[in-house]
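**Student:** Dropping the structure in here first, questions after.
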Amino acid sequence: MEGFDLLIKNVVIPGRGEGLDIAVKEGKIARIEAGIESPSSQVLQGGGKLALPSFANVHTHASMTLLRGIGADLPLMDWLQKVIWPLEGKFVSPEFVRDGALLSVAEMIRSGTTLFMDMYFFEESVAKVVKEAGIRAGLGFGILDFPTKVAGTPREYIERAKRFVEEFKGEDTVFPVICPHAAYTCSPKTLAMAKELADGEGLLLHIHVAETQSEVEQVRSQYGNTPVRHLERVGFLDSNVLCAHMVWLDEEEIEIVKEKGVKVAHCPESNLKLASGVAPVPTYISKGILVGLGTDGAASNDNLDMLEELSTMAKLHKGANLSAKAIDARTAFKIATENGFAIAGVRAGRIEEGYEADLILLDTEVPHLQPLYDPIAQVVYSARSSDIDTVICKGRVVMEKRELRTLDEEEVLYIAKRWGERIRASLS
């Protein structure tokens with residue numbers, strides 16, 4: 001008799017039915033049907049819960065959880081230059097990055113995320129946490145023209161990124177990404193070095209683009225062009241490029257993005273909080289541009305909850321476009337799941353045989369989800385992260401019955417509070 005590594009019994013799969021079982025072997029969904037009877041290393045009783053794909057957060061700065069709540073109500077450049085960058089200069093270290101990643105990964109698992117795309121410093125420390133926690137991450141060192149604690153020159157940033165690629169390329173759940181910060185913080189020469197490395201290694205490039213009007217004007221002043229046109233002119237844009245934010249584009253730039261096959265990471269809550277604007281995501285979708293959803297860092301969001309992000313996205317664009325169909329629930333859900341995994345090159349985000357078993361089980365026996373008529377719409381508009389009972393990544397159970405299985409949550413919270421005391425003392 002065929003054996004499985006994990007068998008999930010008696011779940012509801014939207015669009016497929018109730019009372020179904022999901023069998024997992026070697027990290028992939030092997031069978032979906034009712035009444036599977038087969039030896040399995042682990043059996044989960046679904047109890048009528050909704051089985052859904054887990055979330056893919058395609059833009060964040062995970063370790064910035066330790067700076068959450070600082071510098072509230074400032075626009076982006078003031079927030080970065082007057083608050084965040086000085087604090088990072090004082091506190092960022094391998095220990096800071098590791099401990100911030102512990103806090104963020106615990107938060108992400110609790111809210112159903114099993115893949116995130118990260119840009120920060122000392123990413124080796126993040127990789128260790130990701131591997132311990134048993135989820136997935138595309139990780140990259142921020143590459144800049146000015147010195148920080150990790151490098152003094154653009155060439156040093158690139159060499160640091162090369163070493164990271166050599167160490168982690170080919171890993172099972174951690175994959176390296178090349179992360180030049182932005183057109184206004186990276187010269188054309190720096191961007192060219194980053195692109196050469198990414199293209200040579202077959203990796204994604206992850207960059208901030210057109211987040212604010214002031215950024216657009218700064219790049220125009222520096223280079224005589226808007227960020228997207230500038231990046232096209234220097235030969236940076238390609239199908240392996242993931243651009244975060246993409247708020248301030250005109251029609252011609254959107255056509256450039258479409259033609260080049262560029263991917264977009266939409267971060268609505270961060271863009272709202274920092275008063276950056278509303279990205280034209282419905283237009284991107286109508287043009288066939290691949291859009292994923294990101295939270296940005298917890299210092300500018302101020303959480304990593306993809307369920308909340310997804311609900312905000314769907315409702316924001318209805319209001320901004322005066323159209324209830326601007327982004328419908330199913331499209332929103334796909335952006336937060338399947339699209340994000342596709343951007344990362346992972347065959348997940350759907351509950352189908354042959355797909356990676358990155359799943360959540362969501363409890364609908366709560367007042368705000370009853371009566372249940374349209375599971376996907378009600379998840380998008382009504383569900384809360386506290387409804388997520390179980391989280392599975394690549395067939396491994398990382399949370400069961402709301403209890404983290406791979407991280408010690410009490411220790412994570414103790415470490416976070418200790419950092420809070422140190423940082424708070426520096427602000428007084």
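Naming works like this for the structure tokens: A, B, ... for the chains as they're shown, residue 1 at the start of each chain, ligands 1 onward in shown order.
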Can you tell me which residues surround Ala34 (chain A) at a distance of at most 10 Å, considering only C-alpha atoms, apart from same-chain residues fewer than 3 positions away, and format the answer as a CSV table (one decimal) with C-alpha atoms, in the first residue's frame?
**Tutor:**
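After the write, part-v2.csv holds the following:
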```csv
chain,number,residue,atom,x,y,z
A,9,LYS,CA,-8.2,14.3,6.8
A,10,ASN,CA,-11.7,15.8,6.3
A,11,VAL,CA,-11.1,19.3,5.0
A,17,GLY,CA,-15.9,20.1,-2.0
A,18,GLU,CA,-16.1,18.9,1.6
A,19,GLY,CA,-14.9,15.9,3.5
A,20,LEU,CA,-11.7,15.7,1.4
A,21,ASP,CA,-8.3,14.3,2.3
A,22,ILE,CA,-4.9,15.7,1.2
A,31,ARG,CA,-3.5,12.8,-3.8
A,37,GLU,CA,-6.7,5.1,3.7
```
**Student:** Excluding Ser386 (chain A) and any residue of its chain fewer than 2 positions from it, enumerate the residues within 9 Å of it, using only C-alpha atoms, and give them as a list in words.
**Tutor:**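 Non-adjacent residues within range: Arg110, Ser111, Leu362, Asp363, Ala383, Arg384, Ile388, Asp389 and Arg402 of chain A.
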**Student:** Going by DSSP on the backbone, which bits of region 293-405 of chain A are alpha helix (DSSP H)? Write them as a PyMOL selection string, please.
**Tutor:** chain A and resi 306-321+329-336+338-344+375-382
**Student:** Write a file of the just-selected residues containing C-alpha atoms, as a PDB file, in the first residue's frame.
**Tutor:**
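Output saved as out.pdb:
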```
ATOM      1  CA  MET A 306      -0.859  38.900   4.768  1.00  0.00           C
ATOM      2  CA  LEU A 307      -4.551  38.275   5.452  1.00  0.00           C
ATOM      3  CA  GLU A 308      -4.921  41.885   6.532  1.00  0.00           C
ATOM      4  CA  GLU A 309      -2.799  43.064   3.598  1.00  0.00           C
ATOM      5  CA  LEU A 310      -4.914  41.108   1.142  1.00  0.00           C
ATOM      6  CA  SER A 311      -8.175  42.501   2.506  1.00  0.00           C
ATOM      7  CA  THR A 312      -6.786  46.043   2.435  1.00  0.00           C
ATOM      8  CA  MET A 313      -5.631  45.593  -1.164  1.00  0.00           C
ATOM      9  CA  ALA A 314      -8.986  44.387  -2.431  1.00  0.00           C
ATOM     10  CA  LYS A 315     -10.951  47.158  -0.726  1.00  0.00           C
ATOM     11  CA  LEU A 316      -8.453  49.934  -1.408  1.00  0.00           C
ATOM     12  CA  HIS A 317      -8.631  49.540  -5.168  1.00  0.00           C
ATOM     13  CA  LYS A 318     -12.419  49.365  -5.185  1.00  0.00           C
ATOM     14  CA  GLY A 319     -12.539  52.708  -3.418  1.00  0.00           C
ATOM     15  CA  ALA A 320      -9.713  54.323  -5.393  1.00  0.00           C
ATOM     16  CA  ASN A 321     -11.236  53.268  -8.716  1.00  0.00           C
ATOM     17  CA  ALA A 329     -11.821  38.469  -4.097  1.00  0.00           C
ATOM     18  CA  ARG A 330     -10.474  35.600  -6.188  1.00  0.00           C
ATOM     19  CA  THR A 331      -7.986  37.804  -7.988  1.00  0.00           C
ATOM     20  CA  ALA A 332      -6.851  39.271  -4.666  1.00  0.00           C
ATOM     21  CA  PHE A 333      -6.415  35.811  -3.161  1.00  0.00           C
ATOM     22  CA  LYS A 334      -4.414  34.636  -6.180  1.00  0.00           C
ATOM     23  CA  ILE A 335      -2.123  37.677  -5.927  1.00  0.00           C
ATOM     24  CA  ALA A 336      -1.386  36.822  -2.278  1.00  0.00           C
ATOM     25  CA  GLU A 338      -0.139  31.649  -6.394  1.00  0.00           C
ATOM     26  CA  ASN A 339       1.318  34.817  -7.942  1.00  0.00           C
ATOM     27  CA  GLY A 340       3.817  35.260  -5.131  1.00  0.00           C
ATOM     28  CA  PHE A 341       5.078  31.707  -5.401  1.00  0.00           C
ATOM     29  CA  ALA A 342       5.294  32.090  -9.192  1.00  0.00           C
ATOM     30  CA  ILE A 343       7.457  35.199  -8.804  1.00  0.00           C
ATOM     31  CA  ALA A 344       9.786  33.191  -6.563  1.00  0.00           C
ATOM     32  CA  PRO A 375     -15.344  30.771   1.305  1.00  0.00           C
ATOM     33  CA  ILE A 376     -12.794  32.708  -0.759  1.00  0.00           C
ATOM     34  CA  ALA A 377     -14.679  36.017  -0.597  1.00  0.00           C
ATOM     35  CA  GLN A 378     -15.322  35.619   3.109  1.00  0.00           C
ATOM     36  CA  VAL A 379     -11.675  34.776   3.786  1.00  0.00           C
ATOM     37  CA  VAL A 380     -10.603  37.897   1.868  1.00  0.00           C
ATOM     38  CA  TYR A 381     -13.082  40.241   3.517  1.00  0.00           C
ATOM     39  CA  SER A 382     -13.766  38.700   6.937  1.00  0.00           C
TER      40      SER A 382
END
```
**Student:** Go through region 185-222 of chain A residue by residue and, counting only C-alpha atoms, keep those with an atom at most 12 Å from region 267-286 of chain A; for each kept residue give the shortest atom pair and its distance in Å to one decimal, ordered by chain and increasing number, as JSON lines.
**Tutor:**
```
{"residue": "A:His208", "atom": "CA", "partner": "A:Cys267", "partner_atom": "CA", "distance": 11.0}
{"residue": "A:Val209", "atom": "CA", "partner": "A:Ala279", "partner_atom": "CA", "distance": 11.3}
{"residue": "A:Ala210", "atom": "CA", "partner": "A:Ala279", "partner_atom": "CA", "distance": 9.5}
{"residue": "A:Glu211", "atom": "CA", "partner": "A:Ser276", "partner_atom": "CA", "distance": 6.3}
{"residue": "A:Thr212", "atom": "CA", "partner": "A:Ser276", "partner_atom": "CA", "distance": 5.0}
{"residue": "A:Gln213", "atom": "CA", "partner": "A:Ser276", "partner_atom": "CA", "distance": 7.4}
{"residue": "A:Ser214", "atom": "CA", "partner": "A:Ser276", "partner_atom": "CA", "distance": 9.2}
{"residue": "A:Glu215", "atom": "CA", "partner": "A:Ser276", "partner_atom": "CA", "distance": 10.0}
{"residue": "A:Val216", "atom": "CA", "partner": "A:Ser276", "partner_atom": "CA", "distance": 11.4}
```
**Student:** Would you pick out the contacts of Val105 (chain A) at 12 Å or less, using only C-alpha atoms, so that residues sharing its chain but fewer than 4 positions from it are not included, and give the list as a PDB file with N, CA and C atoms, in the first residue's frame?
**Tutor:**
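This went into out-v2.pdb:
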```
ATOM      1  N   ASN A  57       4.775  36.391   0.776  1.00  0.00           N
ATOM      2  CA  ASN A  57       5.019  37.816   1.013  1.00  0.00           C
ATOM      3  C   ASN A  57       6.231  38.224   0.164  1.00  0.00           C
ATOM      4  N   THR A  60       9.624  42.373   1.831  1.00  0.00           N
ATOM      5  CA  THR A  60       9.701  42.782   3.230  1.00  0.00           C
ATOM      6  C   THR A  60      11.157  42.973   3.637  1.00  0.00           C
ATOM      7  N   HIS A  61      11.310  43.518   4.831  1.00  0.00           N
ATOM      8  CA  HIS A  61      12.613  43.692   5.469  1.00  0.00           C
ATOM      9  C   HIS A  61      12.422  43.095   6.868  1.00  0.00           C
ATOM     10  N   ALA A  62      12.569  41.783   6.958  1.00  0.00           N
ATOM     11  CA  ALA A  62      12.062  41.033   8.108  1.00  0.00           C
ATOM     12  C   ALA A  62      12.587  41.526   9.447  1.00  0.00           C
ATOM     13  N   SER A  63      13.875  41.796   9.514  1.00  0.00           N
ATOM     14  CA  SER A  63      14.464  42.114  10.815  1.00  0.00           C
ATOM     15  C   SER A  63      14.060  43.478  11.341  1.00  0.00           C
ATOM     16  N   MET A  64      13.395  44.281  10.518  1.00  0.00           N
ATOM     17  CA  MET A  64      12.923  45.586  10.983  1.00  0.00           C
ATOM     18  C   MET A  64      11.728  45.480  11.917  1.00  0.00           C
ATOM     19  N   THR A  65      11.294  44.249  12.234  1.00  0.00           N
ATOM     20  CA  THR A  65      10.295  44.098  13.296  1.00  0.00           C
ATOM     21  C   THR A  65      10.772  44.742  14.595  1.00  0.00           C
ATOM     22  N   VAL A  97      19.899  41.286  13.419  1.00  0.00           N
ATOM     23  CA  VAL A  97      19.212  40.731  12.256  1.00  0.00           C
ATOM     24  C   VAL A  97      18.627  39.363  12.572  1.00  0.00           C
ATOM     25  N   ARG A  98      19.381  38.534  13.262  1.00  0.00           N
ATOM     26  CA  ARG A  98      18.863  37.210  13.636  1.00  0.00           C
ATOM     27  C   ARG A  98      17.649  37.324  14.541  1.00  0.00           C
ATOM     28  N   ASP A  99      17.744  38.161  15.551  1.00  0.00           N
ATOM     29  CA  ASP A  99      16.651  38.255  16.520  1.00  0.00           C
ATOM     30  C   ASP A  99      15.407  38.908  15.904  1.00  0.00           C
ATOM     31  N   GLY A 100      15.614  39.905  15.036  1.00  0.00           N
ATOM     32  CA  GLY A 100      14.477  40.486  14.336  1.00  0.00           C
ATOM     33  C   GLY A 100      13.819  39.487  13.406  1.00  0.00           C
ATOM     34  N   ALA A 101      14.628  38.646  12.777  1.00  0.00           N
ATOM     35  CA  ALA A 101      14.079  37.609  11.899  1.00  0.00           C
ATOM     36  C   ALA A 101      13.293  36.574  12.689  1.00  0.00           C
ATOM     37  N   ILE A 109       4.492  32.971  10.343  1.00  0.00           N
ATOM     38  CA  ILE A 109       3.890  31.643  10.443  1.00  0.00           C
ATOM     39  C   ILE A 109       2.505  31.755  11.057  1.00  0.00           C
ATOM     40  N   ARG A 110       2.366  32.526  12.113  1.00  0.00           N
ATOM     41  CA  ARG A 110       1.063  32.661  12.772  1.00  0.00           C
ATOM     42  C   ARG A 110       0.003  33.210  11.824  1.00  0.00           C
ATOM     43  N   SER A 111       0.410  34.013  10.850  1.00  0.00           N
ATOM     44  CA  SER A 111      -0.556  34.592   9.922  1.00  0.00           C
ATOM     45  C   SER A 111      -0.538  33.906   8.552  1.00  0.00           C
ATOM     46  N   GLY A 112       0.030  32.691   8.488  1.00  0.00           N
ATOM     47  CA  GLY A 112      -0.151  31.846   7.319  1.00  0.00           C
ATOM     48  C   GLY A 112       0.805  32.033   6.172  1.00  0.00           C
ATOM     49  N   THR A 113       1.942  32.695   6.397  1.00  0.00           N
ATOM     50  CA  THR A 113       2.931  32.912   5.347  1.00  0.00           C
ATOM     51  C   THR A 113       4.019  31.851   5.418  1.00  0.00           C
ATOM     52  N   THR A 114       4.316  31.221   4.275  1.00  0.00           N
ATOM     53  CA  THR A 114       5.393  30.222   4.251  1.00  0.00           C
ATOM     54  C   THR A 114       6.511  30.593   3.288  1.00  0.00           C
ATOM     55  N   LEU A 115       6.405  31.740   2.613  1.00  0.00           N
ATOM     56  CA  LEU A 115       7.491  32.226   1.762  1.00  0.00           C
ATOM     57  C   LEU A 115       7.548  33.738   1.859  1.00  0.00           C
ATOM     58  N   PHE A 116       8.763  34.275   2.026  1.00  0.00           N
ATOM     59  CA  PHE A 116       8.906  35.722   1.984  1.00  0.00           C
ATOM     60  C   PHE A 116      10.177  36.099   1.231  1.00  0.00           C
ATOM     61  N   MET A 117      10.112  37.293   0.618  1.00  0.00           N
ATOM     62  CA  MET A 117      11.247  37.850  -0.118  1.00  0.00           C
ATOM     63  C   MET A 117      11.806  38.997   0.705  1.00  0.00           C
ATOM     64  N   ASP A 118      13.073  38.894   1.070  1.00  0.00           N
ATOM     65  CA  ASP A 118      13.657  39.815   2.049  1.00  0.00           C
ATOM     66  C   ASP A 118      14.836  40.577   1.460  1.00  0.00           C
ATOM     67  N   VAL A 126      19.459  35.719   8.757  1.00  0.00           N
ATOM     68  CA  VAL A 126      18.066  35.438   8.416  1.00  0.00           C
ATOM     69  C   VAL A 126      17.934  34.013   7.899  1.00  0.00           C
ATOM     70  N   ALA A 127      18.884  33.594   7.077  1.00  0.00           N
ATOM     71  CA  ALA A 127      18.838  32.248   6.500  1.00  0.00           C
ATOM     72  C   ALA A 127      18.826  31.173   7.586  1.00  0.00           C
ATOM     73  N   LYS A 128      19.607  31.374   8.615  1.00  0.00           N
ATOM     74  CA  LYS A 128      19.644  30.382   9.707  1.00  0.00           C
ATOM     75  C   LYS A 128      18.284  30.278  10.396  1.00  0.00           C
ATOM     76  N   VAL A 129      17.638  31.407  10.598  1.00  0.00           N
ATOM     77  CA  VAL A 129      16.319  31.410  11.239  1.00  0.00           C
ATOM     78  C   VAL A 129      15.297  30.729  10.329  1.00  0.00           C
ATOM     79  N   VAL A 130      15.340  31.039   9.046  1.00  0.00           N
ATOM     80  CA  VAL A 130      14.399  30.452   8.084  1.00  0.00           C
ATOM     81  C   VAL A 130      14.525  28.935   8.067  1.00  0.00           C
ATOM     82  N   LYS A 131      15.750  28.447   8.050  1.00  0.00           N
ATOM     83  CA  LYS A 131      15.972  26.993   8.010  1.00  0.00           C
ATOM     84  C   LYS A 131      15.504  26.338   9.306  1.00  0.00           C
ATOM     85  N   GLU A 132      15.748  26.994  10.422  1.00  0.00           N
ATOM     86  CA  GLU A 132      15.277  26.480  11.711  1.00  0.00           C
ATOM     87  C   GLU A 132      13.757  26.438  11.759  1.00  0.00           C
ATOM     88  N   ALA A 133      13.115  27.475  11.236  1.00  0.00           N
ATOM     89  CA  ALA A 133      11.660  27.579  11.303  1.00  0.00           C
ATOM     90  C   ALA A 133      10.959  26.672  10.303  1.00  0.00           C
ATOM     91  N   GLY A 134      11.653  26.311   9.223  1.00  0.00           N
ATOM     92  CA  GLY A 134      11.075  25.392   8.260  1.00  0.00           C
ATOM     93  C   GLY A 134      10.183  26.034   7.230  1.00  0.00           C
ATOM     94  N   ILE A 135      10.407  27.354   6.955  1.00  0.00           N
ATOM     95  CA  ILE A 135       9.644  27.981   5.875  1.00  0.00           C
ATOM     96  C   ILE A 135      10.610  28.328   4.742  1.00  0.00           C
ATOM     97  N   ARG A 136      10.160  29.146   3.789  1.00  0.00           N
ATOM     98  CA  ARG A 136      10.960  29.482   2.611  1.00  0.00           C
ATOM     99  C   ARG A 136      11.262  30.972   2.590  1.00  0.00           C
ATOM    100  N   ALA A 137      12.394  31.328   1.982  1.00  0.00           N
ATOM    101  CA  ALA A 137      12.704  32.752   1.842  1.00  0.00           C
ATOM    102  C   ALA A 137      13.671  32.980   0.694  1.00  0.00           C
ATOM    103  N   ALA A 298       7.964  45.533   8.872  1.00  0.00           N
ATOM    104  CA  ALA A 298       7.011  45.795   9.948  1.00  0.00           C
ATOM    105  C   ALA A 298       7.205  47.166  10.575  1.00  0.00           C
ATOM    106  N   ASN A 303       2.720  45.552  10.485  1.00  0.00           N
ATOM    107  CA  ASN A 303       2.672  44.124  10.769  1.00  0.00           C
ATOM    108  C   ASN A 303       3.004  43.351   9.508  1.00  0.00           C
ATOM    109  N   LEU A 304       3.104  42.034   9.640  1.00  0.00           N
ATOM    110  CA  LEU A 304       3.443  41.155   8.521  1.00  0.00           C
ATOM    111  C   LEU A 304       2.280  40.228   8.199  1.00  0.00           C
ATOM    112  N   ASP A 305       1.073  40.692   8.501  1.00  0.00           N
ATOM    113  CA  ASP A 305      -0.137  39.882   8.369  1.00  0.00           C
ATOM    114  C   ASP A 305      -0.663  39.961   6.938  1.00  0.00           C
ATOM    115  N   VAL A 398       4.470  23.435  10.573  1.00  0.00           N
ATOM    116  CA  VAL A 398       5.226  24.417  11.351  1.00  0.00           C
ATOM    117  C   VAL A 398       4.358  25.095  12.409  1.00  0.00           C
ATOM    118  N   MET A 399       3.040  24.962  12.284  1.00  0.00           N
ATOM    119  CA  MET A 399       2.118  25.384  13.349  1.00  0.00           C
ATOM    120  C   MET A 399       0.931  24.446  13.338  1.00  0.00           C
ATOM    121  N   LEU A 404       3.167  27.122  17.613  1.00  0.00           N
ATOM    122  CA  LEU A 404       4.341  27.007  16.756  1.00  0.00           C
ATOM    123  C   LEU A 404       5.094  25.720  17.088  1.00  0.00           C
ATOM    124  N   THR A 406       8.159  24.822  15.420  1.00  0.00           N
ATOM    125  CA  THR A 406       9.582  24.873  15.094  1.00  0.00           C
ATOM    126  C   THR A 406      10.323  26.005  15.797  1.00  0.00           C
ATOM    127  N   LEU A 407       9.606  26.920  16.419  1.00  0.00           N
ATOM    128  CA  LEU A 407      10.203  28.019  17.159  1.00  0.00           C
ATOM    129  C   LEU A 407       9.635  28.056  18.569  1.00  0.00           C
ATOM    130  N   ASP A 408      10.463  28.491  19.509  1.00  0.00           N
ATOM    131  CA  ASP A 408      10.037  28.667  20.899  1.00  0.00           C
ATOM    132  C   ASP A 408       9.500  30.089  21.035  1.00  0.00           C
ATOM    133  N   GLU A 409       8.185  30.231  21.028  1.00  0.00           N
ATOM    134  CA  GLU A 409       7.585  31.565  20.989  1.00  0.00           C
ATOM    135  C   GLU A 409       7.893  32.368  22.254  1.00  0.00           C
ATOM    136  N   VAL A 412      11.297  33.785  21.772  1.00  0.00           N
ATOM    137  CA  VAL A 412      11.262  34.835  20.748  1.00  0.00           C
ATOM    138  C   VAL A 412      10.758  36.142  21.340  1.00  0.00           C
ATOM    139  N   LEU A 413       9.697  36.083  22.126  1.00  0.00           N
ATOM    140  CA  LEU A 413       9.133  37.289  22.728  1.00  0.00           C
ATOM    141  C   LEU A 413      10.071  37.888  23.771  1.00  0.00           C
TER     142      LEU A 413
END
```
**Student:** Mind checking DSSP for region 163-312 of chain A and telling me the strand (DSSP E or B) residues as a ChimeraX atom specification?
**Tutor:** /A:174-176,178-180,182,205-209,241-245,263-266,291-293
**Student:** Which residues, written as a count of residues only, have at least one atom at most 7 Å from region 347-356 of chain A, with only C-alpha atoms counted and residues fewer than 6 positions away on the same chain left out?
**Tutor:** 13
**Student:** Identify, on the basis of only C-alpha atoms, every residue whose closest approach to region 152-167 of chain A does not exceed 7 Å; exclude the query and any residue fewer than 6 positions from it along the same chain; express the result as an NGL selection string.
**Tutor:** :A and (141 or 143-146 or 176 or 190 or 194)
**Student:** Keeping only C-alpha atoms, write the selected residues to a file as a PDB file, in the first residue's frame.
**Tutor:**
```pdb
ATOM      1  CA  PHE A 141      21.823  41.895   0.852  1.00  0.00           C
ATOM      2  CA  ILE A 143      23.268  46.930  -2.240  1.00  0.00           C
ATOM      3  CA  LEU A 144      23.945  50.669  -1.945  1.00  0.00           C
ATOM      4  CA  ASP A 145      26.363  53.347  -3.065  1.00  0.00           C
ATOM      5  CA  PHE A 146      27.029  54.604   0.463  1.00  0.00           C
ATOM      6  CA  PRO A 176      19.619  33.957  -2.836  1.00  0.00           C
ATOM      7  CA  THR A 190      26.206  49.649  -9.324  1.00  0.00           C
ATOM      8  CA  ALA A 194      24.086  43.751  -9.640  1.00  0.00           C
TER       9      ALA A 194
END
```
**Student:** Tell me, as a PyMOL selection string, which residues lie within 9 Å of Met119 (chain A), counting only C-alpha atoms; anything in the same chain fewer than 2 positions away does not count.
**Tutor:** chain A and resi 59-62+117+121+123+138-142+177-181+206-207
**Student:** Hey, can you spit out that residue selection with N, CA and C atoms as a PDB file, in the first residue's frame?
**Tutor:**
```pdb
ATOM      1  N   HIS A  59       7.653  41.137  -0.623  1.00  0.00           N
ATOM      2  CA  HIS A  59       8.551  42.258  -0.321  1.00  0.00           C
ATOM      3  C   HIS A  59       8.490  42.585   1.155  1.00  0.00           C
ATOM      4  N   THR A  60       9.624  42.373   1.831  1.00  0.00           N
ATOM      5  CA  THR A  60       9.701  42.782   3.230  1.00  0.00           C
ATOM      6  C   THR A  60      11.157  42.973   3.637  1.00  0.00           C
ATOM      7  N   HIS A  61      11.310  43.518   4.831  1.00  0.00           N
ATOM      8  CA  HIS A  61      12.613  43.692   5.469  1.00  0.00           C
ATOM      9  C   HIS A  61      12.422  43.095   6.868  1.00  0.00           C
ATOM     10  N   ALA A  62      12.569  41.783   6.958  1.00  0.00           N
ATOM     11  CA  ALA A  62      12.062  41.033   8.108  1.00  0.00           C
ATOM     12  C   ALA A  62      12.587  41.526   9.447  1.00  0.00           C
ATOM     13  N   MET A 117      10.112  37.293   0.618  1.00  0.00           N
ATOM     14  CA  MET A 117      11.247  37.850  -0.118  1.00  0.00           C
ATOM     15  C   MET A 117      11.806  38.997   0.705  1.00  0.00           C
ATOM     16  N   PHE A 121      20.371  43.430   5.701  1.00  0.00           N
ATOM     17  CA  PHE A 121      21.795  43.232   5.946  1.00  0.00           C
ATOM     18  C   PHE A 121      22.014  41.922   6.700  1.00  0.00           C
ATOM     19  N   GLU A 123      22.247  38.841   5.864  1.00  0.00           N
ATOM     20  CA  GLU A 123      21.181  37.894   5.534  1.00  0.00           C
ATOM     21  C   GLU A 123      21.524  36.446   5.874  1.00  0.00           C
ATOM     22  N   GLY A 138      13.409  34.052  -0.064  1.00  0.00           N
ATOM     23  CA  GLY A 138      14.354  34.572  -1.037  1.00  0.00           C
ATOM     24  C   GLY A 138      15.063  35.756  -0.398  1.00  0.00           C
ATOM     25  N   LEU A 139      16.358  35.608  -0.142  1.00  0.00           N
ATOM     26  CA  LEU A 139      17.088  36.565   0.689  1.00  0.00           C
ATOM     27  C   LEU A 139      18.174  37.277  -0.106  1.00  0.00           C
ATOM     28  N   GLY A 140      18.333  38.578   0.152  1.00  0.00           N
ATOM     29  CA  GLY A 140      19.385  39.325  -0.524  1.00  0.00           C
ATOM     30  C   GLY A 140      19.884  40.486   0.298  1.00  0.00           C
ATOM     31  N   PHE A 141      21.220  40.729   0.224  1.00  0.00           N
ATOM     32  CA  PHE A 141      21.823  41.895   0.852  1.00  0.00           C
ATOM     33  C   PHE A 141      21.389  43.159   0.112  1.00  0.00           C
ATOM     34  N   GLY A 142      20.977  44.179   0.849  1.00  0.00           N
ATOM     35  CA  GLY A 142      20.762  45.468   0.225  1.00  0.00           C
ATOM     36  C   GLY A 142      22.071  46.005  -0.316  1.00  0.00           C
ATOM     37  N   VAL A 177      18.840  36.093  -3.637  1.00  0.00           N
ATOM     38  CA  VAL A 177      18.297  37.100  -4.544  1.00  0.00           C
ATOM     39  C   VAL A 177      19.266  38.277  -4.522  1.00  0.00           C
ATOM     40  N   ILE A 178      19.411  38.962  -5.642  1.00  0.00           N
ATOM     41  CA  ILE A 178      20.296  40.126  -5.696  1.00  0.00           C
ATOM     42  C   ILE A 178      19.448  41.381  -5.514  1.00  0.00           C
ATOM     43  N   CYS A 179      19.832  42.240  -4.551  1.00  0.00           N
ATOM     44  CA  CYS A 179      18.944  43.305  -4.091  1.00  0.00           C
ATOM     45  C   CYS A 179      19.581  44.694  -4.112  1.00  0.00           C
ATOM     46  N   PRO A 180      19.783  45.295  -5.292  1.00  0.00           N
ATOM     47  CA  PRO A 180      20.132  46.719  -5.301  1.00  0.00           C
ATOM     48  C   PRO A 180      18.961  47.521  -4.737  1.00  0.00           C
ATOM     49  N   HIS A 181      19.245  48.466  -3.859  1.00  0.00           N
ATOM     50  CA  HIS A 181      18.174  49.097  -3.094  1.00  0.00           C
ATOM     51  C   HIS A 181      17.195  49.872  -3.973  1.00  0.00           C
ATOM     52  N   HIS A 206      15.789  42.210  -7.042  1.00  0.00           N
ATOM     53  CA  HIS A 206      14.697  42.742  -6.224  1.00  0.00           C
ATOM     54  C   HIS A 206      15.079  44.177  -5.864  1.00  0.00           C
ATOM     55  N   ILE A 207      14.231  45.156  -6.251  1.00  0.00           N
ATOM     56  CA  ILE A 207      14.597  46.569  -6.121  1.00  0.00           C
ATOM     57  C   ILE A 207      13.358  47.406  -5.823  1.00  0.00           C
TER      58      ILE A 207
END
```
**Student:** Tell me, as a short mmCIF file (atom, residue, chain, number, x, y, z; two decimals) with C-alpha atoms, in the first residue's frame, which residues lie within 7 Å of Leu242 (chain A), counting only C-alpha atoms; anything in the same chain fewer than 5 positions away does not count.
**Tutor:**
```
data_model
loop_
_atom_site.label_atom_id
_atom_site.label_comp_id
_atom_site.auth_asym_id
_atom_site.auth_seq_id
_atom_site.Cartn_x
_atom_site.Cartn_y
_atom_site.Cartn_z
CA LEU A 205 16.79 41.03 -8.92
CA HIS A 206 14.70 42.74 -6.22
CA ILE A 207 14.60 46.57 -6.12
CA VAL A 262 8.98 42.81 -15.00
CA LYS A 263 7.20 41.58 -11.85
CA VAL A 264 5.57 43.91 -9.30
CA ALA A 265 5.46 43.65 -5.49
#
```
**Student:** Using only C-alpha atoms for the distances, tell me which of A:Ser38, A:Thr173, A:Asn240, A:Asn225 is nearest to Gly200 (chain A).
**Tutor:** A:Asn240
**Student:** Which one of A:Ala51, A:Met108, A:Ile254, A:Leu76 sits closest to Asp358 (chain A) if you count only C-alpha atoms?
**Tutor:**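 Closest to Asp358 (chain A), using only C-alpha atoms: A:Ala51.
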**Student:** Just how far from CA of Ala198 (chain A) is CA of Val291 (chain A), in Å to one decimal?
**Tutor:**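 A separation of 20.6 Å between them.
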**Student:** I'd like to know which of A:Ile8, A:Val83, A:Met193, A:Leu249 is closest to Gly71 (chain A), using only C-alpha atoms.
**Tutor:**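 Distance minimum relative to Gly71 (chain A) lands on A:Val83.
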**Student:** Return the single residue from A:Lys90, A:Arg233, A:Lys82, A:Arg16 that is closest to Glu253 (chain A), with distances computed using only C-alpha atoms.
**Tutor:**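 Among the listed residues, the smallest separation from Glu253 (chain A) belongs to A:Arg233.
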**Student:** Under the rule that only C-alpha atoms are counted, which of A:Ala106, A:Leu427, A:Val228, A:Val346 is the nearest residue to Glu403 (chain A)?
**Tutor:** A:Ala106
